[in-house]
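Coordinates from target28.cif are shown below (mmCIF, C-alpha atoms).
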```
data_run
loop_
_atom_site.label_atom_id
_atom_site.label_comp_id
_atom_site.auth_asym_id
_atom_site.auth_seq_id
_atom_site.Cartn_x
_atom_site.Cartn_y
_atom_site.Cartn_z
CA MET Y 1 -5.51 196.56 -191.54
CA LYS Y 2 -4.71 197.19 -187.91
CA ALA Y 3 -2.50 194.96 -185.81
CA ALA Y 4 -4.12 192.78 -183.16
CA ALA Y 5 -3.56 194.05 -179.63
CA PHE Y 6 -0.19 193.40 -178.04
CA ASP Y 7 1.71 194.57 -174.98
CA TYR Y 8 4.78 196.68 -175.48
CA VAL Y 9 7.98 197.18 -173.56
CA ARG Y 10 11.02 199.19 -174.52
CA ALA Y 11 14.15 197.33 -173.44
CA GLU Y 12 16.86 199.42 -171.83
CA SER Y 13 19.65 196.86 -172.16
CA LEU Y 14 20.55 193.60 -173.83
CA ALA Y 15 20.48 191.87 -170.44
CA GLU Y 16 16.92 193.09 -169.87
CA THR Y 17 15.94 191.91 -173.35
CA LEU Y 18 17.29 188.43 -172.68
CA ARG Y 19 15.54 188.28 -169.33
CA ILE Y 20 12.19 189.23 -170.89
CA LEU Y 21 12.65 186.69 -173.68
CA ALA Y 22 13.47 183.98 -171.13
CA GLU Y 23 10.35 184.85 -169.12
CA ARG Y 24 7.90 185.31 -171.95
CA GLY Y 25 9.12 182.64 -174.38
CA GLU Y 26 7.59 182.38 -177.84
CA GLY Y 27 4.81 184.86 -177.07
CA ALA Y 28 7.32 187.70 -177.24
CA ARG Y 29 8.73 189.16 -180.42
CA LEU Y 30 11.61 191.56 -180.77
CA ILE Y 31 11.02 194.70 -182.77
CA ALA Y 32 13.80 197.00 -183.95
CA GLY Y 33 13.09 198.98 -187.12
CA GLY Y 34 9.87 197.03 -187.51
CA GLN Y 35 9.89 197.31 -191.29
CA SER Y 36 9.21 193.62 -191.78
CA LEU Y 37 7.42 192.86 -188.53
CA ALA Y 38 4.97 195.78 -188.63
CA PRO Y 39 3.55 194.77 -192.02
CA ALA Y 40 3.15 191.22 -190.70
CA LEU Y 41 1.42 192.55 -187.57
CA ASN Y 42 -0.82 194.93 -189.52
CA LEU Y 43 -1.83 192.12 -191.87
CA ARG Y 44 -2.28 189.87 -188.83
CA LEU Y 45 0.14 187.32 -190.15
CA ALA Y 46 1.78 187.60 -186.74
CA ALA Y 47 0.07 188.22 -183.40
CA PRO Y 48 2.57 188.13 -180.53
CA ASP Y 49 1.45 188.83 -176.95
CA LEU Y 50 4.35 191.17 -176.35
CA LEU Y 51 6.60 193.35 -178.48
CA VAL Y 52 10.03 193.94 -176.97
CA ASP Y 53 11.38 197.09 -178.61
CA ILE Y 54 15.17 196.92 -178.84
CA GLY Y 55 15.33 200.11 -180.91
CA ALA Y 56 16.92 202.02 -178.03
CA LEU Y 57 19.92 199.66 -177.76
CA THR Y 58 22.09 202.01 -179.78
CA GLN Y 59 25.22 200.10 -178.76
CA LEU Y 60 24.12 197.55 -181.39
CA ARG Y 61 24.22 200.17 -184.15
CA TYR Y 62 27.78 200.20 -185.51
CA ILE Y 63 29.89 199.40 -188.54
CA GLU Y 64 33.29 198.25 -187.33
CA PRO Y 65 35.99 197.46 -189.89
CA ALA Y 66 39.05 195.57 -188.60
CA GLY Y 67 41.64 194.98 -191.30
CA GLU Y 68 40.03 192.72 -193.85
CA ALA Y 69 37.14 191.91 -191.58
CA LEU Y 70 33.94 193.71 -190.81
CA ARG Y 71 31.55 193.51 -187.91
CA ILE Y 72 28.16 195.15 -188.23
CA GLY Y 73 25.83 195.58 -185.29
CA ALA Y 74 22.34 194.18 -185.71
CA LEU Y 75 20.67 197.55 -185.20
CA THR Y 76 22.61 199.13 -188.03
CA ARG Y 77 20.04 200.60 -190.35
CA HIS Y 78 20.00 200.00 -194.08
CA VAL Y 79 20.66 203.70 -194.60
CA ASP Y 80 23.84 203.41 -192.48
CA ILE Y 81 25.14 200.63 -194.72
CA ALA Y 82 24.19 202.59 -197.84
CA ARG Y 83 26.17 205.58 -196.60
CA SER Y 84 29.24 203.71 -195.36
CA GLU Y 85 32.25 204.59 -197.48
CA TRP Y 86 34.24 201.72 -196.00
CA ILE Y 87 31.60 199.23 -197.10
CA ALA Y 88 31.36 200.83 -200.54
CA ARG Y 89 35.11 200.36 -200.93
CA HIS Y 90 35.66 196.98 -199.31
CA CYS Y 91 32.32 195.21 -199.54
CA PRO Y 92 30.47 196.81 -202.46
CA LEU Y 93 28.14 193.82 -202.72
CA LEU Y 94 26.32 195.18 -199.66
CA THR Y 95 26.19 198.73 -201.00
CA ARG Y 96 24.69 197.50 -204.25
CA ALA Y 97 22.23 195.16 -202.55
CA ILE Y 98 21.06 197.74 -200.00
CA ALA Y 99 20.00 200.07 -202.80
CA GLU Y 100 17.45 197.40 -203.77
CA VAL Y 101 16.10 196.82 -200.26
CA ALA Y 102 12.61 198.35 -200.33
CA HIS Y 103 12.30 202.13 -200.52
CA PRO Y 104 14.17 205.04 -198.91
CA ALA Y 105 11.62 205.56 -196.13
CA ILE Y 106 11.92 201.89 -195.20
CA ARG Y 107 15.72 201.90 -195.43
CA ASN Y 108 15.72 204.83 -193.00
CA ARG Y 109 14.30 202.57 -190.32
CA GLY Y 110 14.87 198.94 -191.26
CA THR Y 111 17.84 197.17 -189.66
CA LEU Y 112 20.31 194.55 -190.82
CA GLY Y 113 19.53 192.26 -187.89
CA GLY Y 114 15.82 192.62 -188.48
CA SER Y 115 16.08 191.63 -192.11
CA LEU Y 116 18.20 188.58 -191.29
CA ALA Y 117 16.06 187.47 -188.35
CA GLN Y 118 12.91 187.88 -190.44
CA ALA Y 119 14.40 185.64 -193.17
CA ASP Y 120 12.02 186.56 -195.93
CA PRO Y 121 12.87 184.26 -198.83
CA ALA Y 122 12.77 187.16 -201.29
CA ALA Y 123 15.00 189.46 -199.21
CA GLU Y 124 18.40 190.59 -200.48
CA LEU Y 125 20.51 190.59 -197.33
CA PRO Y 126 20.21 186.92 -196.32
CA ALA Y 127 21.50 185.89 -199.76
CA CYS Y 128 24.35 188.40 -199.50
CA MET Y 129 25.34 187.00 -196.12
CA MET Y 130 25.62 183.52 -197.61
CA ALA Y 131 27.56 184.76 -200.65
CA LEU Y 132 29.97 186.53 -198.29
CA ASP Y 133 30.30 183.48 -196.00
CA ALA Y 134 29.26 185.73 -193.13
CA VAL Y 135 28.89 184.61 -189.54
CA ILE Y 136 25.77 185.58 -187.64
CA VAL Y 137 26.23 186.28 -183.96
CA ALA Y 138 23.40 185.31 -181.64
CA THR Y 139 23.52 186.36 -178.00
CA GLY Y 140 21.73 184.36 -175.33
CA ALA Y 141 21.91 184.04 -171.58
CA GLY Y 142 25.01 181.85 -171.96
CA GLY Y 143 26.87 184.29 -174.18
CA GLU Y 144 27.48 184.56 -177.89
CA ARG Y 145 26.82 181.78 -180.39
CA ARG Y 146 28.30 182.07 -183.86
CA ILE Y 147 26.30 180.60 -186.70
CA ALA Y 148 27.47 180.37 -190.31
CA ALA Y 149 25.05 182.18 -192.60
CA TRP Y 150 24.89 178.95 -194.62
CA ASP Y 151 23.35 177.21 -191.57
CA PHE Y 152 21.18 180.10 -190.44
CA PHE Y 153 18.30 180.32 -192.92
CA LEU Y 154 15.99 177.34 -192.51
CA GLY Y 155 12.80 178.27 -194.34
CA VAL Y 156 10.15 180.95 -194.80
CA TYR Y 157 10.65 183.31 -191.80
CA GLU Y 158 12.55 180.50 -190.10
CA THR Y 159 16.12 180.70 -188.82
CA ALA Y 160 18.51 178.93 -186.46
CA LEU Y 161 17.94 181.70 -183.90
CA ARG Y 162 16.40 180.39 -180.67
CA ALA Y 163 13.43 182.09 -179.07
CA ASP Y 164 15.61 183.23 -176.14
CA GLU Y 165 18.40 184.67 -178.29
CA VAL Y 166 18.98 188.07 -179.86
CA LEU Y 167 20.73 188.44 -183.20
CA THR Y 168 23.39 190.98 -182.21
CA ALA Y 169 25.93 191.22 -185.03
CA VAL Y 170 27.21 189.96 -188.34
CA GLU Y 171 30.86 189.25 -189.10
CA ILE Y 172 32.36 189.13 -192.55
CA ASP Y 173 35.97 188.23 -193.15
CA GLY Y 174 38.37 188.06 -196.08
CA LEU Y 175 37.41 191.42 -197.57
CA ASP Y 176 40.71 191.74 -199.38
CA ALA Y 177 41.49 193.36 -202.70
CA GLU Y 178 40.98 190.03 -204.49
CA ARG Y 179 37.24 189.96 -203.93
CA ALA Y 180 34.87 190.52 -206.82
CA TYR Y 181 31.11 190.81 -206.66
CA GLY Y 182 27.97 190.90 -208.71
CA PHE Y 183 24.40 191.65 -207.73
CA ALA Y 184 21.23 191.73 -209.77
CA GLU Y 185 17.53 191.39 -209.17
CA LEU Y 186 14.27 191.82 -211.02
CA SER Y 187 11.11 193.26 -209.57
CA ARG Y 188 8.04 194.82 -211.12
CA ARG Y 189 8.54 198.09 -209.24
CA ARG Y 190 11.93 199.20 -207.95
CA GLY Y 191 12.18 198.38 -204.27
CA ASP Y 192 9.53 195.69 -204.26
CA PHE Y 193 10.45 192.17 -203.24
CA ALA Y 194 12.42 190.51 -206.00
CA ILE Y 195 10.81 188.09 -208.40
CA VAL Y 196 14.30 186.62 -208.61
CA GLY Y 197 17.59 187.98 -207.34
CA LEU Y 198 21.22 186.91 -207.22
CA ALA Y 199 24.24 187.71 -205.07
CA LEU Y 200 27.64 186.67 -206.42
CA ALA Y 201 30.95 186.75 -204.59
CA ALA Y 202 34.24 185.41 -205.92
CA ARG Y 203 38.00 185.78 -205.79
CA ARG Y 204 40.10 187.15 -208.58
CA ARG Y 205 42.58 184.70 -209.95
CA ALA Y 206 44.93 185.10 -212.90
CA GLY Y 207 42.67 185.99 -215.78
CA GLY Y 208 39.42 185.06 -214.10
CA LEU Y 209 37.41 184.29 -211.02
CA ALA Y 210 37.56 181.47 -208.51
CA GLU Y 211 35.85 180.33 -205.31
CA MET Y 212 32.64 181.66 -206.73
CA ARG Y 213 29.47 181.73 -204.67
CA LEU Y 214 26.12 182.19 -206.36
CA VAL Y 215 23.18 182.63 -204.01
CA TYR Y 216 19.71 183.21 -205.40
CA PHE Y 217 16.77 184.71 -203.53
CA GLY Y 218 13.09 184.72 -204.38
CA VAL Y 219 13.24 181.23 -205.85
CA SER Y 220 12.48 178.99 -202.89
CA ASP Y 221 11.75 179.10 -199.16
CA ARG Y 222 15.26 180.35 -198.33
CA PRO Y 223 18.35 181.76 -200.06
CA THR Y 224 19.49 179.08 -202.46
CA ALA Y 225 23.05 178.42 -203.55
CA ALA Y 226 23.88 177.19 -207.04
CA PRO Y 227 27.36 175.66 -206.65
CA GLY Y 228 27.30 173.78 -209.95
CA ALA Y 229 26.44 176.91 -211.90
CA ALA Y 230 29.10 178.80 -209.95
CA ALA Y 231 31.78 176.26 -210.88
CA ALA Y 232 30.83 176.45 -214.56
CA LEU Y 233 30.78 180.23 -214.43
CA ALA Y 234 34.24 180.30 -212.88
CA ARG Y 235 35.37 178.44 -216.03
CA ARG Y 236 33.55 181.13 -218.05
CA ASP Y 237 31.19 178.51 -219.45
CA ILE Y 238 27.91 180.36 -219.38
CA GLU Y 239 25.99 177.68 -221.27
CA ALA Y 240 27.04 175.04 -218.77
CA ALA Y 241 26.19 177.41 -215.93
CA ARG Y 242 22.67 177.91 -217.28
CA ALA Y 243 22.28 174.16 -217.70
CA ALA Y 244 23.45 173.62 -214.13
CA LEU Y 245 20.87 176.13 -212.90
CA ALA Y 246 18.08 174.04 -214.37
CA ALA Y 247 19.24 171.13 -212.22
CA GLU Y 248 19.95 173.18 -209.08
CA LEU Y 249 16.93 175.46 -208.90
CA ASP Y 250 13.32 174.42 -208.74
CA PRO Y 251 11.70 177.85 -208.44
CA PHE Y 252 8.23 178.22 -206.98
CA ALA Y 253 5.41 179.75 -208.99
CA ASP Y 254 3.15 182.57 -207.84
CA ALA Y 255 1.03 185.38 -209.29
CA GLN Y 256 4.16 187.25 -210.37
CA ALA Y 257 5.95 184.52 -212.29
CA SER Y 258 5.75 180.87 -213.22
CA SER Y 259 8.50 178.46 -212.24
CA ALA Y 260 9.79 178.38 -215.82
CA MET Y 261 9.88 182.17 -215.98
CA ARG Y 262 11.80 182.37 -212.71
CA LEU Y 263 14.30 179.81 -213.99
CA HIS Y 264 14.73 181.79 -217.20
CA LEU Y 265 15.23 185.02 -215.25
CA ALA Y 266 17.74 183.29 -212.98
CA GLY Y 267 19.80 182.63 -216.12
CA VAL Y 268 19.49 186.26 -217.20
CA LEU Y 269 20.70 187.45 -213.79
CA LEU Y 270 23.56 184.97 -213.92
CA GLU Y 271 25.00 186.72 -216.94
CA ARG Y 272 24.43 190.20 -215.51
CA ALA Y 273 26.05 189.46 -212.18
CA PHE Y 274 28.94 187.63 -213.85
CA ALA Y 275 29.59 190.60 -216.14
CA GLN Y 276 29.71 192.91 -213.10
CA ALA Y 277 32.13 190.63 -211.30
CA LEU Y 278 34.39 190.33 -214.33
CA GLU Y 279 34.38 194.08 -214.79
CA ALA Y 280 35.39 194.53 -211.17
CA ALA Y 281 38.13 191.93 -211.62
CA THR Y 282 39.80 193.57 -214.61
CA MET L 1 0.32 203.85 -172.71
CA ARG L 2 1.34 207.45 -172.26
CA VAL L 3 3.48 208.83 -175.08
CA ARG L 4 5.31 212.12 -175.31
CA MET L 5 6.68 213.55 -178.50
CA ILE L 6 7.40 216.81 -180.22
CA VAL L 7 5.00 217.11 -183.14
CA ASN L 8 5.66 219.94 -185.57
CA GLY L 9 7.59 221.73 -182.87
CA GLU L 10 4.95 221.38 -180.17
CA PRO L 11 5.24 219.04 -177.19
CA VAL L 12 2.42 216.51 -177.12
CA THR L 13 1.40 214.09 -174.37
CA ALA L 14 -1.33 211.58 -175.13
CA GLU L 15 -2.48 208.01 -174.64
CA ALA L 16 -1.80 205.45 -177.35
CA ALA L 17 -2.53 201.73 -177.43
CA PRO L 18 0.64 199.83 -178.39
CA ARG L 19 -1.02 198.57 -181.56
CA GLN L 20 -1.87 202.08 -182.79
CA HIS L 21 0.49 203.10 -185.56
CA LEU L 22 1.89 206.58 -185.76
CA ALA L 23 -0.24 207.60 -188.74
CA ASP L 24 -3.46 206.70 -186.90
CA PHE L 25 -2.18 208.45 -183.79
CA LEU L 26 -1.47 211.64 -185.73
CA ARG L 27 -4.83 211.55 -187.50
CA GLU L 28 -7.16 210.34 -184.79
CA THR L 29 -5.61 211.54 -181.57
CA LEU L 30 -4.01 214.76 -182.77
CA GLY L 31 -6.38 215.56 -185.67
CA LEU L 32 -3.49 215.96 -188.12
CA THR L 33 -5.23 214.42 -191.11
CA GLY L 34 -2.67 215.52 -193.70
CA THR L 35 -0.89 212.21 -193.13
CA HIS L 36 -2.85 209.79 -195.27
CA ILE L 37 -3.41 206.09 -194.88
CA GLY L 38 -3.42 203.79 -197.86
CA CYS L 39 -2.20 200.24 -197.63
CA GLU L 40 -1.09 200.08 -193.98
CA HIS L 41 1.72 197.70 -194.77
CA GLY L 42 4.44 199.94 -196.10
CA VAL L 43 3.83 199.66 -199.82
CA CYS L 44 2.05 202.86 -200.87
CA GLY L 45 3.90 205.70 -199.10
CA ALA L 46 0.83 207.86 -198.39
CA CYS L 47 1.59 207.88 -194.64
CA CYS L 48 5.16 209.19 -194.83
CA VAL L 49 6.19 211.43 -191.92
CA ARG L 50 9.50 212.59 -190.54
CA LEU L 51 10.70 210.86 -187.41
CA ASP L 52 13.79 212.42 -185.83
CA GLY L 53 14.58 214.00 -189.17
CA ALA L 54 14.25 210.94 -191.41
CA VAL L 55 11.25 210.15 -193.56
CA VAL L 56 9.56 206.93 -192.44
CA ARG L 57 6.30 205.09 -192.96
CA GLY L 58 3.77 206.21 -190.38
CA CYS L 59 2.00 202.86 -190.70
CA LEU L 60 5.16 200.82 -189.94
CA THR L 61 6.00 202.65 -186.74
CA TYR L 62 3.82 202.30 -183.68
CA ALA L 63 3.12 205.50 -181.77
CA VAL L 64 4.69 204.00 -178.64
CA GLN L 65 7.94 203.57 -180.57
CA ALA L 66 7.94 207.30 -181.27
CA ASP L 67 7.81 208.13 -177.55
CA GLY L 68 10.48 210.75 -176.98
CA ALA L 69 10.91 211.45 -180.68
CA ARG L 70 10.51 214.50 -182.87
CA VAL L 71 7.79 214.07 -185.49
CA GLU L 72 7.11 216.33 -188.44
CA THR L 73 4.05 215.95 -190.64
CA ILE L 74 2.99 217.59 -193.88
CA GLU L 75 1.17 220.22 -191.78
CA GLY L 76 4.44 221.16 -190.08
CA ILE L 77 6.66 221.39 -193.12
CA SER L 78 3.87 223.10 -195.03
CA ASP L 79 3.32 225.79 -192.37
CA SER L 80 7.04 226.42 -191.92
CA GLY L 81 7.39 227.30 -195.61
CA GLU L 82 10.16 224.73 -196.01
CA ILE L 83 8.59 223.24 -199.14
CA ALA L 84 6.58 226.18 -200.45
CA ASP L 85 8.54 226.13 -203.72
CA LEU L 86 8.08 222.39 -204.15
CA GLN L 87 4.35 222.70 -203.49
CA ALA L 88 4.09 225.54 -206.03
CA ALA L 89 5.95 223.40 -208.58
CA PHE L 90 3.50 220.52 -207.97
CA THR L 91 0.59 222.87 -208.69
CA GLU L 92 2.34 224.44 -211.67
CA ARG L 93 3.09 221.07 -213.27
CA ASN L 94 -0.20 219.34 -212.43
CA ALA L 95 1.75 216.92 -210.29
CA LEU L 96 -1.32 216.14 -208.23
CA GLN L 97 -4.89 215.35 -209.07
CA CYS L 98 -6.80 213.74 -206.20
CA GLY L 99 -4.01 214.69 -203.80
CA TYR L 100 -4.08 211.50 -201.79
CA CYS L 101 -0.42 210.65 -202.38
CA THR L 102 0.78 214.25 -202.30
CA PRO L 103 1.80 214.67 -198.63
CA GLY L 104 3.95 211.52 -198.78
CA MET L 105 5.26 212.46 -202.19
CA LEU L 106 6.30 215.92 -200.95
CA LEU L 107 8.03 214.55 -197.87
CA SER L 108 9.94 211.97 -199.90
CA ALA L 109 10.90 214.47 -202.59
CA GLN L 110 12.06 217.03 -200.03
CA GLU L 111 14.26 214.39 -198.38
CA LEU L 112 15.88 213.62 -201.73
CA LEU L 113 16.44 217.31 -202.50
CA SER L 114 18.06 217.82 -199.11
CA GLU L 115 20.48 214.95 -199.80
CA ILE L 116 21.26 215.51 -203.47
CA ALA L 117 21.22 219.02 -204.86
CA ALA L 118 20.78 218.14 -208.52
CA PRO L 119 19.31 214.65 -208.87
CA ASP L 120 18.74 213.35 -212.39
CA ARG L 121 15.33 211.99 -213.39
CA GLU L 122 16.39 208.41 -212.80
CA THR L 123 17.49 209.26 -209.26
CA ILE L 124 14.21 211.08 -208.61
CA ARG L 125 12.23 208.10 -209.92
CA ASN L 126 14.19 205.71 -207.73
CA HIS L 127 13.75 207.84 -204.66
CA LEU L 128 10.00 208.14 -205.20
CA SER L 129 9.59 204.47 -206.11
CA GLY L 130 7.97 203.81 -202.73
CA ASN L 131 5.21 206.37 -203.23
CA TYR L 132 2.25 205.28 -205.30
CA CYS L 133 0.30 207.83 -207.34
CA ARG L 134 -2.78 206.53 -209.13
CA CYS L 135 -3.67 209.74 -211.00
CA THR L 136 -0.73 211.47 -212.61
CA GLY L 137 1.36 208.74 -214.21
CA TYR L 138 4.37 210.15 -212.33
CA HIS L 139 5.92 212.18 -215.15
CA ALA L 140 4.51 215.46 -213.88
CA ILE L 141 5.74 214.66 -210.37
CA ILE L 142 9.26 214.00 -211.67
CA ASP L 143 9.01 217.28 -213.62
CA ALA L 144 8.03 219.21 -210.50
CA VAL L 145 10.83 217.75 -208.38
CA GLU L 146 13.39 218.32 -211.11
CA ALA L 147 12.20 221.91 -211.65
CA THR L 148 12.43 222.60 -207.91
CA ALA L 149 15.96 221.17 -207.75
CA ARG L 150 17.01 223.43 -210.62
CA ALA L 151 15.36 226.50 -209.14
CA ARG L 152 17.02 225.90 -205.78
CA ALA L 153 20.40 225.44 -207.42
CA GLU L 154 19.87 228.69 -209.33
CA ALA L 155 18.91 230.53 -206.17
CA LYS L 156 22.08 229.37 -204.46
CA ARG L 157 24.33 230.83 -207.14
#
```
As structure tokens, how would this structure be written, given the file I've shared?
Amino acid sequence: MKAAAFDYVRAESLAETLRILAERGEGARLIAGGQSLAPALNLRLAAPDLLVDIGALTQLRYIEPAGEALRIGALTRHVDIARSEWIARHCPLLTRAIAEVAHPAIRNRGTLGGSLAQADPAAELPACMMALDAVIVATGAGGERRIAAWDFFLGVYETALRADEVLTAVEIDGLDAERAYGFAELSRRRGDFAIVGLALAARRRAGGLAEMRLVYFGVSDRPTAAPGAAAALARRDIEAARAALAAELDPFADAQASSAMRLHLAGVLLERAFAQALEAAT
Amino acid sequence: MRVRMIVNGEPVTAEAAPRQHLADFLRETLGLTGTHIGCEHGVCGACCVRLDGAVVRGCLTYAVQADGARVETIEGISDSGEIADLQAAFTERNALQCGYCTPGMLLSAQELLSEIAAPDRETIRNHLSGNYCRCTGYHAIIDAVEATARARAEAKR
């Protein structure tokens, strides 16, 4: 289908973007790579009055390591993350997850900020941001606001971002040598939205893993943590972890999978991601 | 809105409504109908074009966003001879039947071959995962891409 008519303006600066958002309110939508928004526009699931194209704000396209921390600009494209050697070495969860984000032609254009602001419940990156305890930086007229990823995703396409704010960066800290990760997802065709997916981050401790975060995607209206399963998994009790999942997840059903099937697959992914994390830890 | 871009090496100035995606602009305004339109929401890959050197979905980029950009379509990379060997391999291996997916398939495959000199079949499959083909069952396409990679590697020796 074709998108409904909209006005279009290409922003030259962040200040101009904020001014336009303040003037136009909820009728305006930001577009960067457009790889989530354009499908929604073409299917007429969204019909804003005005698209504000921030694609030219190249100052927001950066990957900036600082010791054990990492700041990534919102306009960083998926392909940039996939190609970053620093990220592959120090935050391989992102490298692994990015390879599953849609297809190459979409990764060439899609941006980190766009994926997070879109907050598709089946998307990989929001779940990764929670597993990594990332901080999402929102810039408004009053300056920067820092929002924990755990507080950012509120529902289907719904986030803590205000209509007059721009998601400008993501910060991840504690990327030391003790980190271990796992990532797994299942989809019918590689690159399609996951039926179920899982991001795992933990810390290596003598003989095992601790401080484990398990964040599922594709199971409910937002990325969903499974702390009980994570605690059991940290004790290497896979049976208890699976049992905990049954209490912690209540997956939705759709044409792709029933709730019971999703729950079963969540258990399968649990073992796969755990095996990856253990392998990385030894 | 007025848009200016370099299409297949030629400067173009034309009018485009903001809602017109790049694939429609190329087909309807410029008459470059080699870029095909399938799903119009990024799933099928028939509309792939190069934008500033990277392969993108023509249906997920609005023409106004490409203002100032360099665009290459299947017509451009076909005429330049850049993919003549890949096209010959597609014919040789029966890697196309109706041909609807072929322009997008060729653009995606050429991007992979320019990044990785000798991709294995799994890598080729993954790279082409975003391009639907409803005729061939994919095996012949993978064959053609693999054969082209080998032939290019040979030629370099």
Residues within 7 Å of (15.1, 177.5, -193.7), counting all atoms listed in the file, listed as a ChimeraX atom specification: /Y:153-156,158-159,221-222
Pull the closest atom pair for each residue of chain L that gets at most 6 Å from chain Y, along with the distance in Å to one decimal, counting all atoms listed in the file, ordering rows by chain and then ascending residue number, as JSON lines.
```
{"residue": "L:Pro18", "atom": "CA", "partner": "Y:Tyr8", "partner_atom": "CA", "distance": 6.0}
{"residue": "L:Arg19", "atom": "CA", "partner": "Y:Ala5", "partner_atom": "CA", "distance": 5.5}
{"residue": "L:His41", "atom": "CA", "partner": "Y:Pro39", "partner_atom": "CA", "distance": 4.4}
{"residue": "L:Val55", "atom": "CA", "partner": "Y:Ala105", "partner_atom": "CA", "distance": 5.3}
{"residue": "L:Val56", "atom": "CA", "partner": "Y:Ala105", "partner_atom": "CA", "distance": 4.4}
{"residue": "L:Leu60", "atom": "CA", "partner": "Y:Ala38", "partner_atom": "CA", "distance": 5.2}
{"residue": "L:Gly130", "atom": "CA", "partner": "Y:His103", "partner_atom": "CA", "distance": 5.1}
```
Selection to disk with C-alpha atoms, as an mmCIF file, in the coordinates of the input:
```cif
data_model
loop_
_atom_site.group_PDB
_atom_site.id
_atom_site.type_symbol
_atom_site.label_atom_id
_atom_site.label_comp_id
_atom_site.auth_asym_id
_atom_site.auth_seq_id
_atom_site.Cartn_x
_atom_site.Cartn_y
_atom_site.Cartn_z
ATOM 1 C CA PRO L 18 0.640 199.830 -178.390
ATOM 2 C CA ARG L 19 -1.020 198.570 -181.560
ATOM 3 C CA HIS L 41 1.720 197.700 -194.770
ATOM 4 C CA VAL L 55 11.250 210.150 -193.560
ATOM 5 C CA VAL L 56 9.560 206.930 -192.440
ATOM 6 C CA LEU L 60 5.160 200.820 -189.940
ATOM 7 C CA GLY L 130 7.970 203.810 -202.730
#
```
Distance of atom CA of Ala253 of chain Y from atom CA of Asp151 of chain Y, expressed in Å to one decimal place: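 About the pair atom CA of Asp151 of chain Y and atom CA of Ala253 of chain Y: they are 25.1 Å apart.
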Between atom CA of Arg152 of chain L and atom CA of Thr136 of chain L - distance in Å to one decimal: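 The value is 23.9 Å.
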Point-to-point distance from atom CA of Val12 of chain L to atom CA of Arg27 of chain L, Å rounded to tenths: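 According to the coordinates, atom CA of Val12 of chain L and atom CA of Arg27 of chain L are separated by 13.6 Å.
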Shell around Arg61 of chain Y at 7 Å using only C-alpha atoms, local window under 4 positions removed, as an MDAnalysis selection string: chainID Y and resid 73:76
Selection: 10 Å around Ile63 of chain Y, all atoms listed in the file, excl. self and same-chain fewer than 5 positions, as a list in words: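 My list of contacting residues is Leu70, Arg71, Ile72, Gly73, Ala74, Leu75, Thr76, Asp80, Ile81, Ser84, Trp86, Ile87, Ala169 and Val170 of chain Y.
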Generate a file of the selected residues that holds C-alpha atoms, formatted as a short mmCIF file (atom, residue, chain, number, x, y, z; two decimals), in the frame of the given file.
```cif
data_model
loop_
_atom_site.label_atom_id
_atom_site.label_comp_id
_atom_site.auth_asym_id
_atom_site.auth_seq_id
_atom_site.Cartn_x
_atom_site.Cartn_y
_atom_site.Cartn_z
CA LEU Y 70 33.94 193.71 -190.81
CA ARG Y 71 31.55 193.51 -187.91
CA ILE Y 72 28.16 195.15 -188.23
CA GLY Y 73 25.83 195.58 -185.29
CA ALA Y 74 22.34 194.18 -185.71
CA LEU Y 75 20.67 197.55 -185.20
CA THR Y 76 22.61 199.13 -188.03
CA ASP Y 80 23.84 203.41 -192.48
CA ILE Y 81 25.14 200.63 -194.72
CA SER Y 84 29.24 203.71 -195.36
CA TRP Y 86 34.24 201.72 -196.00
CA ILE Y 87 31.60 199.23 -197.10
CA ALA Y 169 25.93 191.22 -185.03
CA VAL Y 170 27.21 189.96 -188.34
#
```
Using only C-alpha atoms: which of L:Ile116, L:Leu86, L:Ala46, L:Ala155 has the shortest distance to Cys133 of chain L: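 That would be L:Ala46, the residue with the smallest distance to Cys133 of chain L.
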